[in-house]
$ cat final_23.txt   # compact mmCIF, C-alpha atoms
# COMPACT_ATOMS: atom_id res chain seq x y z
CA MET A 1 -19.04 15.20 -21.91
CA ALA A 2 -19.41 13.13 -18.75
CA ARG A 3 -21.00 14.34 -15.54
CA VAL A 4 -20.89 13.31 -11.89
CA ILE A 5 -23.39 14.75 -9.41
CA VAL A 6 -23.32 14.26 -5.64
CA PHE A 7 -26.70 15.49 -4.45
CA ASP A 8 -27.55 17.36 -1.28
CA VAL A 9 -29.95 14.98 0.43
CA GLN A 10 -29.08 16.23 3.90
CA HIS A 11 -27.86 13.35 6.06
CA GLY A 12 -28.27 10.79 3.31
CA PHE A 13 -26.60 9.86 0.04
CA CYS A 14 -27.35 9.79 -3.67
CA ALA A 15 -25.02 10.28 -6.64
CA PHE A 16 -25.53 10.18 -10.40
CA VAL A 17 -23.03 9.59 -13.21
CA LYS A 18 -23.63 10.15 -16.92
CA SER A 19 -20.97 8.45 -19.00
CA PRO A 20 -19.35 9.82 -22.19
CA THR A 21 -21.62 7.48 -24.21
CA GLY A 22 -24.82 8.56 -22.45
CA SER A 23 -25.16 5.54 -20.15
CA THR A 24 -26.29 6.39 -16.64
CA LEU A 25 -25.36 5.18 -13.17
CA MET A 26 -27.04 6.00 -9.89
CA ILE A 27 -25.43 5.19 -6.55
CA ASP A 28 -27.98 4.94 -3.73
CA CYS A 29 -31.33 6.70 -3.63
CA GLY A 30 -31.46 8.93 -0.57
CA LYS A 31 -33.69 12.02 -0.58
CA GLY A 32 -34.07 15.30 1.30
CA ASP A 33 -37.04 16.72 3.14
CA ASP A 34 -38.23 18.52 0.00
CA PHE A 35 -35.86 17.27 -2.70
CA SER A 36 -35.73 14.04 -4.70
CA PRO A 37 -32.73 13.26 -6.92
CA VAL A 38 -34.99 10.89 -8.87
CA ASN A 39 -37.28 13.80 -9.79
CA TYR A 40 -34.29 16.00 -10.68
CA ILE A 41 -32.68 13.35 -12.88
CA LEU A 42 -35.95 12.70 -14.70
CA LYS A 43 -36.38 16.38 -15.50
CA HIS A 44 -32.81 17.51 -16.18
CA GLU A 45 -30.37 14.70 -16.92
CA LEU A 46 -31.98 12.14 -19.24
CA GLY A 47 -32.54 14.16 -22.42
CA ASP A 48 -29.38 12.83 -24.05
CA ALA A 49 -29.18 9.55 -22.13
CA THR A 50 -28.73 6.32 -24.06
CA PRO A 51 -31.41 3.76 -23.10
CA HIS A 52 -30.36 0.23 -22.21
CA ASN A 53 -32.99 -2.41 -22.91
CA GLY A 54 -35.54 0.39 -22.87
CA TYR A 55 -34.46 1.83 -19.50
CA LYS A 56 -33.11 5.40 -19.23
CA LEU A 57 -31.33 4.53 -15.96
CA THR A 58 -28.73 1.99 -16.96
CA LYS A 59 -27.64 0.83 -13.52
CA LEU A 60 -28.33 1.38 -9.84
CA ILE A 61 -25.82 0.41 -7.17
CA VAL A 62 -27.30 0.20 -3.69
CA THR A 63 -24.23 0.34 -1.49
CA HIS A 64 -26.07 -0.94 1.60
CA PRO A 65 -29.67 -0.88 2.84
CA HIS A 66 -29.60 1.71 5.62
CA ASP A 67 -32.59 4.04 5.33
CA ASP A 68 -30.66 7.19 4.42
CA HIS A 69 -29.37 5.38 1.32
CA ILE A 70 -32.72 3.92 0.14
CA GLU A 71 -35.25 6.46 1.40
CA ASP A 72 -36.56 7.33 -2.10
CA ILE A 73 -37.00 3.70 -3.15
CA ALA A 74 -40.77 3.99 -3.74
CA ASN A 75 -40.28 6.91 -6.12
CA LEU A 76 -37.40 5.21 -7.93
CA LYS A 77 -39.38 1.98 -8.27
CA SER A 78 -42.34 3.74 -9.87
CA SER A 79 -40.53 6.36 -11.96
CA LEU A 80 -36.89 5.41 -12.68
CA SER A 81 -36.32 1.68 -12.37
CA PRO A 82 -32.86 0.67 -13.63
CA ALA A 83 -31.99 -1.88 -16.28
CA ILE A 84 -29.34 -3.35 -13.94
CA LEU A 85 -29.25 -3.51 -10.15
CA GLN A 86 -26.14 -4.29 -8.11
CA ARG A 87 -26.51 -4.90 -4.38
CA GLN A 88 -25.57 -7.18 -1.53
CA ARG A 89 -27.92 -9.84 -0.13
CA TYR A 90 -28.76 -9.73 3.57
CA ASN A 91 -30.88 -11.42 6.18
CA TRP A 92 -33.36 -8.55 6.11
CA GLU A 93 -34.94 -9.25 9.48
CA ALA A 94 -31.51 -9.35 11.14
CA ILE A 95 -30.89 -5.75 10.06
CA LYS A 96 -33.90 -4.49 11.99
CA ALA A 97 -33.65 -3.39 15.62
CA PRO A 98 -35.65 -5.73 17.90
CA ASP A 99 -37.66 -2.85 19.39
CA ALA A 100 -38.31 -1.01 16.12
CA GLY A 101 -41.81 0.24 15.34
CA SER A 102 -43.82 -1.38 12.57
CA ASP A 103 -43.41 1.63 10.27
CA GLU A 104 -39.70 2.22 10.90
CA TYR A 105 -38.57 -0.14 8.16
CA GLN A 106 -41.13 0.53 5.43
CA ASN A 107 -38.41 1.53 2.97
CA LEU A 108 -36.33 -1.54 3.81
CA ASP A 109 -39.31 -3.87 3.40
CA LEU A 110 -40.20 -2.30 0.05
CA TYR A 111 -36.59 -2.45 -1.12
CA ALA A 112 -36.10 -6.05 0.03
CA ALA A 113 -39.14 -7.18 -1.97
CA TRP A 114 -38.32 -5.07 -5.04
CA GLN A 115 -34.68 -6.11 -5.33
CA MET A 116 -35.81 -9.74 -5.65
CA THR A 117 -37.33 -8.89 -9.04
CA TYR A 118 -33.75 -8.50 -10.34
CA SER A 119 -33.02 -12.20 -10.28
CA GLU A 120 -31.51 -12.89 -13.71
CA PRO A 121 -27.81 -12.42 -14.51
CA VAL A 122 -26.88 -9.47 -16.71
CA LYS A 123 -26.74 -10.75 -20.29
CA VAL A 124 -25.54 -7.65 -22.14
CA GLU A 125 -23.46 -4.87 -20.63
CA PRO A 126 -23.85 -1.38 -22.07
CA ASN A 127 -21.06 0.52 -23.79
CA TRP A 128 -20.19 2.71 -20.82
CA GLY A 129 -17.30 4.58 -22.35
CA MET A 130 -15.80 4.59 -18.86
CA GLN A 131 -14.71 2.02 -16.28
CA ILE A 132 -16.75 1.02 -13.23
CA GLN A 133 -15.15 -1.19 -10.58
CA THR A 134 -16.76 -2.31 -7.34
CA PHE A 135 -15.15 -3.71 -4.20
CA PHE A 136 -16.74 -5.00 -1.02
CA LEU A 137 -16.69 -7.37 1.90
CA THR A 138 -19.55 -9.84 1.93
CA PRO A 139 -22.01 -9.45 4.83
CA ASP A 140 -20.55 -12.60 6.39
CA GLU A 141 -16.99 -11.26 6.12
CA ALA A 142 -18.03 -7.92 7.56
CA TYR A 143 -19.93 -9.60 10.41
CA LYS A 144 -16.86 -11.58 11.42
CA LEU A 145 -14.82 -8.38 11.32
CA ASP A 146 -17.18 -6.32 13.53
CA LYS A 147 -20.76 -7.46 14.03
CA ALA A 148 -21.88 -4.05 15.32
CA LYS A 149 -20.79 -2.34 12.08
CA TYR A 150 -21.22 -5.12 9.57
CA VAL A 151 -23.85 -3.41 7.40
CA ASN A 152 -21.66 -0.32 6.96
CA ASN A 153 -18.54 -2.41 6.38
CA SER A 154 -20.28 -4.53 3.73
CA SER A 155 -21.06 -1.39 1.70
CA ILE A 156 -20.21 -1.59 -1.99
CA VAL A 157 -17.33 0.77 -2.78
CA THR A 158 -17.44 2.11 -6.35
CA LEU A 159 -14.53 3.40 -8.44
CA VAL A 160 -15.48 5.26 -11.63
CA THR A 161 -12.73 6.14 -14.12
CA ILE A 162 -13.51 8.60 -16.91
CA ALA A 163 -10.65 8.61 -19.41
CA GLY A 164 -10.18 11.39 -21.95
CA THR A 165 -7.69 11.82 -24.74
CA LYS A 166 -5.20 13.59 -22.44
CA PHE A 167 -6.26 12.98 -18.83
CA SER A 168 -8.39 10.63 -16.78
CA GLU A 169 -10.42 11.39 -13.67
CA GLU A 170 -11.10 8.81 -10.97
CA PHE A 171 -13.98 9.04 -8.52
CA LEU A 172 -14.04 6.83 -5.42
CA PHE A 173 -17.41 6.50 -3.68
CA GLY A 174 -16.75 5.29 -0.14
CA ALA A 175 -20.35 4.49 0.88
CA ASP A 176 -20.41 3.96 4.67
CA VAL A 177 -17.28 1.83 5.09
CA GLU A 178 -15.61 2.36 8.47
CA GLN A 179 -11.95 2.18 9.46
CA SER A 180 -11.89 -1.57 10.08
CA GLY A 181 -13.57 -2.15 6.71
CA TRP A 182 -10.93 -0.10 4.87
CA ASP A 183 -8.18 -2.06 6.60
CA ALA A 184 -9.75 -5.29 5.34
CA LEU A 185 -10.25 -4.00 1.78
CA LEU A 186 -6.66 -2.77 1.64
CA LYS A 187 -5.52 -6.36 2.14
CA GLN A 188 -6.92 -7.05 -1.34
CA ASP A 189 -4.14 -6.35 -3.83
CA ALA A 190 -6.62 -5.54 -6.60
CA PHE A 191 -8.31 -2.88 -4.50
CA LYS A 192 -5.05 -1.35 -3.31
CA LYS A 193 -3.80 -1.12 -6.89
CA ALA A 194 -7.08 0.24 -8.28
CA VAL A 195 -7.37 3.20 -5.89
CA ARG A 196 -3.89 4.56 -6.59
CA GLY A 197 -4.31 8.05 -8.04
CA VAL A 198 -7.95 8.79 -7.10
CA ASP A 199 -8.90 12.38 -8.05
CA PHE A 200 -12.21 12.83 -6.23
CA TYR A 201 -12.96 11.01 -3.00
CA ILE A 202 -16.58 10.89 -1.90
CA ALA A 203 -15.92 10.31 1.77
CA PRO A 204 -17.55 7.41 3.63
CA HIS A 205 -20.19 7.78 6.30
CA HIS A 206 -20.90 11.37 5.21
CA GLY A 207 -17.45 12.56 6.35
CA HIS A 208 -17.58 11.19 9.89
CA SER A 209 -14.38 10.28 11.69
CA SER A 210 -15.51 6.66 11.90
CA GLY A 211 -14.77 6.23 8.20
CA PHE A 212 -11.50 8.17 7.96
CA SER A 213 -8.58 5.93 7.00
CA THR A 214 -5.00 7.22 6.81
CA ALA A 215 -4.04 3.85 5.32
CA LEU A 216 -6.42 4.46 2.42
CA TYR A 217 -4.85 7.88 1.74
CA GLU A 218 -1.44 6.24 1.78
CA ALA A 219 -2.68 3.84 -0.89
CA MET A 220 -4.47 6.35 -3.12
CA GLY A 221 -2.49 9.55 -2.55
CA LYS A 222 -4.06 13.00 -2.34
CA PRO A 223 -7.24 13.51 -4.37
CA PHE A 224 -8.05 16.93 -5.77
CA LEU A 225 -11.09 17.14 -3.48
CA ASN A 226 -12.79 15.31 -0.66
CA LEU A 227 -16.59 15.49 -0.85
CA VAL A 228 -18.69 15.14 2.32
CA SER A 229 -22.34 15.53 3.29
CA VAL A 230 -22.21 16.89 6.84
CA HIS A 231 -22.10 20.45 8.19
CA SER A 232 -18.79 21.87 9.39
CA ARG A 233 -20.38 22.21 12.82
CA ASP A 234 -21.25 18.50 12.99
CA GLU A 235 -19.25 17.10 15.91
CA HIS A 236 -18.61 13.88 13.97
CA LEU A 237 -17.06 15.57 10.92
CA ASP A 238 -13.38 14.73 10.56
CA CYS A 239 -11.56 18.03 9.96
CA ARG A 240 -8.74 16.24 8.14
CA TYR A 241 -10.92 16.08 5.02
CA SER A 242 -10.49 19.86 4.66
CA ALA A 243 -6.71 19.87 5.24
CA ASN A 244 -4.08 20.13 2.52
CA ASP A 245 -2.37 17.09 4.03
CA PHE A 246 -5.19 15.00 2.52
CA ALA A 247 -6.08 16.80 -0.73
CA ARG A 248 -4.35 18.69 -3.53
CA GLY A 249 -7.14 21.26 -3.60
CA VAL A 250 -8.82 23.30 -6.33
CA LYS A 251 -9.54 26.99 -6.81
CA TYR A 252 -13.23 27.41 -6.10
CA ALA A 253 -15.05 30.76 -5.82
CA GLY A 254 -11.70 32.48 -5.29
CA GLU A 255 -10.61 30.14 -2.49
CA ASP A 256 -8.31 27.15 -2.21
CA ARG A 257 -10.71 24.36 -1.27
CA TYR A 258 -9.72 20.86 -0.21
CA MET A 259 -13.20 19.74 0.73
CA LEU A 260 -16.70 20.53 -0.52
CA SER A 261 -19.80 19.71 1.51
CA THR A 262 -23.24 19.18 0.01
CA ARG A 263 -24.72 20.62 3.20
CA LYS A 264 -22.76 23.87 2.85
CA ASP A 265 -22.13 24.18 -0.89
CA GLY A 266 -25.17 22.37 -2.35
CA ALA A 267 -25.26 19.65 -4.98
CA ILE A 268 -21.74 19.13 -6.35
CA PHE A 269 -21.28 18.79 -10.12
CA VAL A 270 -18.07 17.61 -11.77
CA ASP A 271 -18.11 17.75 -15.57
CA VAL A 272 -15.38 16.00 -17.56
CA ASP A 273 -14.76 16.84 -21.23
CA ALA A 274 -13.44 14.64 -24.03
CA GLU A 275 -9.83 15.49 -23.14
CA GLY A 276 -10.42 14.51 -19.52
CA LYS A 277 -10.35 18.05 -18.11
CA PHE A 278 -12.76 18.66 -15.25
CA TRP A 279 -14.85 21.57 -14.00
CA VAL A 280 -16.39 21.69 -10.53
CA HIS A 281 -19.36 23.74 -9.45
CA ALA A 282 -22.01 23.48 -6.74
CA GLU A 283 -25.50 24.87 -6.50
CA SER A 284 -28.55 24.73 -4.28
CA LEU A 285 -31.22 22.88 -6.25
CA ARG A 286 -34.85 23.85 -5.94
CA ALA A 287 -37.33 21.83 -3.89
CA ASN A 288 -39.12 19.34 -6.14
CA ARG A 289 -41.28 17.28 -3.80
CA ALA A 290 -43.68 17.90 -0.94
CA LYS A 291 -41.79 18.59 2.28
CA THR A 292 -41.61 15.72 4.74
CA ALA A 293 -43.58 16.44 7.90

$ encode --input "final_23.txt" --output "structure tokens"
Amino acid sequence: MARVIVFDVQHGFCAFVKSPTGSTLMIDCGKGDDFSPVNYILKHELGDATPHNGYKLTKLIVTHPHDDHIEDIANLKSSLSPAILQRQRYNWEAIKAPDAGSDEYQNLDLYAAWQMTYSEPVKVEPNWGMQIQTFFLTPDEAYKLDKAKYVNNSSIVTLVTIAGTKFSEEFLFGADVEQSGWDALLKQDAFKKAVRGVDFYIAPHHGHSSGFSTALYEAMGKPFLNLVSVHSRDEHLDCRYSANDFARGVKYAGEDRYMLSTRKDGAIFVDVDAEGKFWVHAESLRANRAKTA
């Protein structure tokens, strides 16, 4: 049994994948006011995990270093460091706003120092039992494309394919890529070919219109579900994510749903069995850390 979780970390992002062989993948490490995915994973998801080089978390992908994607970095560093880290390299000072306060980038400073400890190439890959592909523009490429949005557009996009004996399920994690970034990625034949037939699309930039790409849907077709992390009343939410023009839909709680939102529905779980059949459910997870003031 494989499992994909997209956590409710309010206006942030964190996802977790447990492969059919027990290897584990975490994408970003956002947290909520009173909830830490790191704490939840440690308590609930690692009992049957397969360690890699002694680490229960096989791999962490940091899509990009905006605070809402790395806010729980101190907790992860002390409690759930990964065996493998994938990230982009940036000019860290250039990311900071010139007039930012000294404490505004504590998480970024901690992350920038910590990620340097992962300096050796990966010697042995785990037996994932599934396929992980990543696609991205380099920071330099994204800067030339649109310097105002280059950090978002240099996000690492992750495609996870869980193949069973009868079916396979594909999950596309869009990070914070914006429309111009998708246009550039779609010029890469390998990316365009890889995304054809995506089943679950974790929408970029939390479901904001800035990341909606009709060209991407033309390339991948309709997923079963679009997953977002903003409220329906958020003025930036693109309503097309909840339309049947852009999803096949699933029966959920007696309704035809084309979109699930972590802010409305809670943490979203997709379990995939050995045949490749999937089950979707969502739940509000209990607070597990002191509430942020």

$ residues_around --input "final_23.txt" --residues "Gly211 (chain A)" --least-positions-apart "5" --cutoff "12 Å" --atoms "all atoms listed in the file" --output "VMD selection string"
chain A and resid 149 152 to 153 155 174 to 183 202 to 206 216 to 217 228 236 to 238 240 to 241

$ closest_residue --input "final_23.txt" --among "A:Leu108, A:Ala100, A:Val198, A:Val250" --to "Asp68 (chain A)" --atoms "all atoms listed in the file"
A:Leu108

$ residues_around --input "final_23.txt" --residues "Ala282 (chain A)" --least-positions-apart "4" --cutoff "6 Å" --atoms "all atoms listed in the file" --output "tab-separated table (two decimals) with C-alpha atoms, in the frame of the given file"
chain	number	residue	atom	x	y	z
A	265	ASP	CA	-22.13	24.18	-0.89
A	266	GLY	CA	-25.17	22.37	-2.35
A	267	ALA	CA	-25.26	19.65	-4.98
A	268	ILE	CA	-21.74	19.13	-6.35
A	269	PHE	CA	-21.28	18.79	-10.12

$ residues_around --input "final_23.txt" --residues "Ser23 (chain A)" --least-positions-apart "5" --cutoff "10 Å" --atoms "all atoms listed in the file" --output "MDAnalysis selection string"
chainID A and resid 2 17:18 46 48:52 56:59 126:130

$ closest_residue --input "final_23.txt" --among "A:Val272, A:Leu85, A:Val38, A:Leu60" --to "Thr161 (chain A)" --atoms "only C-alpha atoms"
A:Val272

$ closest_residue --input "final_23.txt" --among "A:Ala184, A:Thr63, A:Asp271, A:Leu159" --to "Ala142 (chain A)" --atoms "all atoms listed in the file"
A:Ala184

$ atom_distance --input "final_23.txt" --atom1 "CA of Thr117 (chain A)" --atom2 "CA of Ser78 (chain A)"
13.6 Å

$ closest_residue --input "final_23.txt" --among "A:Tyr40, A:Val4, A:Glu235, A:Ala219" --to "Phe16 (chain A)" --atoms "all atoms listed in the file"
A:Val4

$ closest_residue --input "final_23.txt" --among "A:Val6, A:Thr158, A:Met220, A:Val195" --to "Ile41 (chain A)" --atoms "all atoms listed in the file"
A:Val6

$ residues_around --input "final_23.txt" --residues "Tyr55 (chain A)" --least-positions-apart "4" --cutoff "8 Å" --atoms "all atoms listed in the file" --output "short mmCIF file (atom, residue, chain, number, x, y, z; two decimals) with C-alpha atoms, in the frame of the given file"
data_model
loop_
_atom_site.label_atom_id
_atom_site.label_comp_id
_atom_site.auth_asym_id
_atom_site.auth_seq_id
_atom_site.Cartn_x
_atom_site.Cartn_y
_atom_site.Cartn_z
CA PRO A 51 -31.41 3.76 -23.10
CA SER A 81 -36.32 1.68 -12.37
CA PRO A 82 -32.86 0.67 -13.63
CA ALA A 83 -31.99 -1.88 -16.28
#

$ closest_residue --input "final_23.txt" --among "A:His64, A:Val280, A:Glu141, A:Gly22" --to "Gly47 (chain A)" --atoms "only C-alpha atoms"
A:Gly22

$ residues_near_point --input "final_23.txt" --point "(-4.5, 19.0, 2.1)" --cutoff "12 Å" --atoms "all atoms listed in the file" --output "list of chain:residue names"
A:Tyr217, A:Gly221, A:Lys222, A:Pro223, A:Phe224, A:Leu225, A:Asn226, A:Cys239, A:Arg240, A:Tyr241, A:Ser242, A:Ala243, A:Asn244, A:Asp245, A:Phe246, A:Ala247, A:Arg248, A:Gly249, A:Val250, A:Asp256, A:Arg257, A:Tyr258, A:Met259

$ atom_distance --input "final_23.txt" --atom1 "CA of Val9 (chain A)" --atom2 "CA of Ala290 (chain A)"
14.1 Å

$ atom_distance --input "final_23.txt" --atom1 "CA of Phe171 (chain A)" --atom2 "CA of Asn107 (chain A)"
28.0 Å

$ residues_around --input "final_23.txt" --residues "Ser229 (chain A)" --least-positions-apart "2" --cutoff "8 Å" --atoms "all atoms listed in the file" --output "list of chain:residue names"
A:Asp8, A:Gln10, A:His11, A:Gly12, A:Phe13, A:His206, A:Gly207, A:Leu227, A:His231, A:Ser261, A:Thr262, A:Arg263
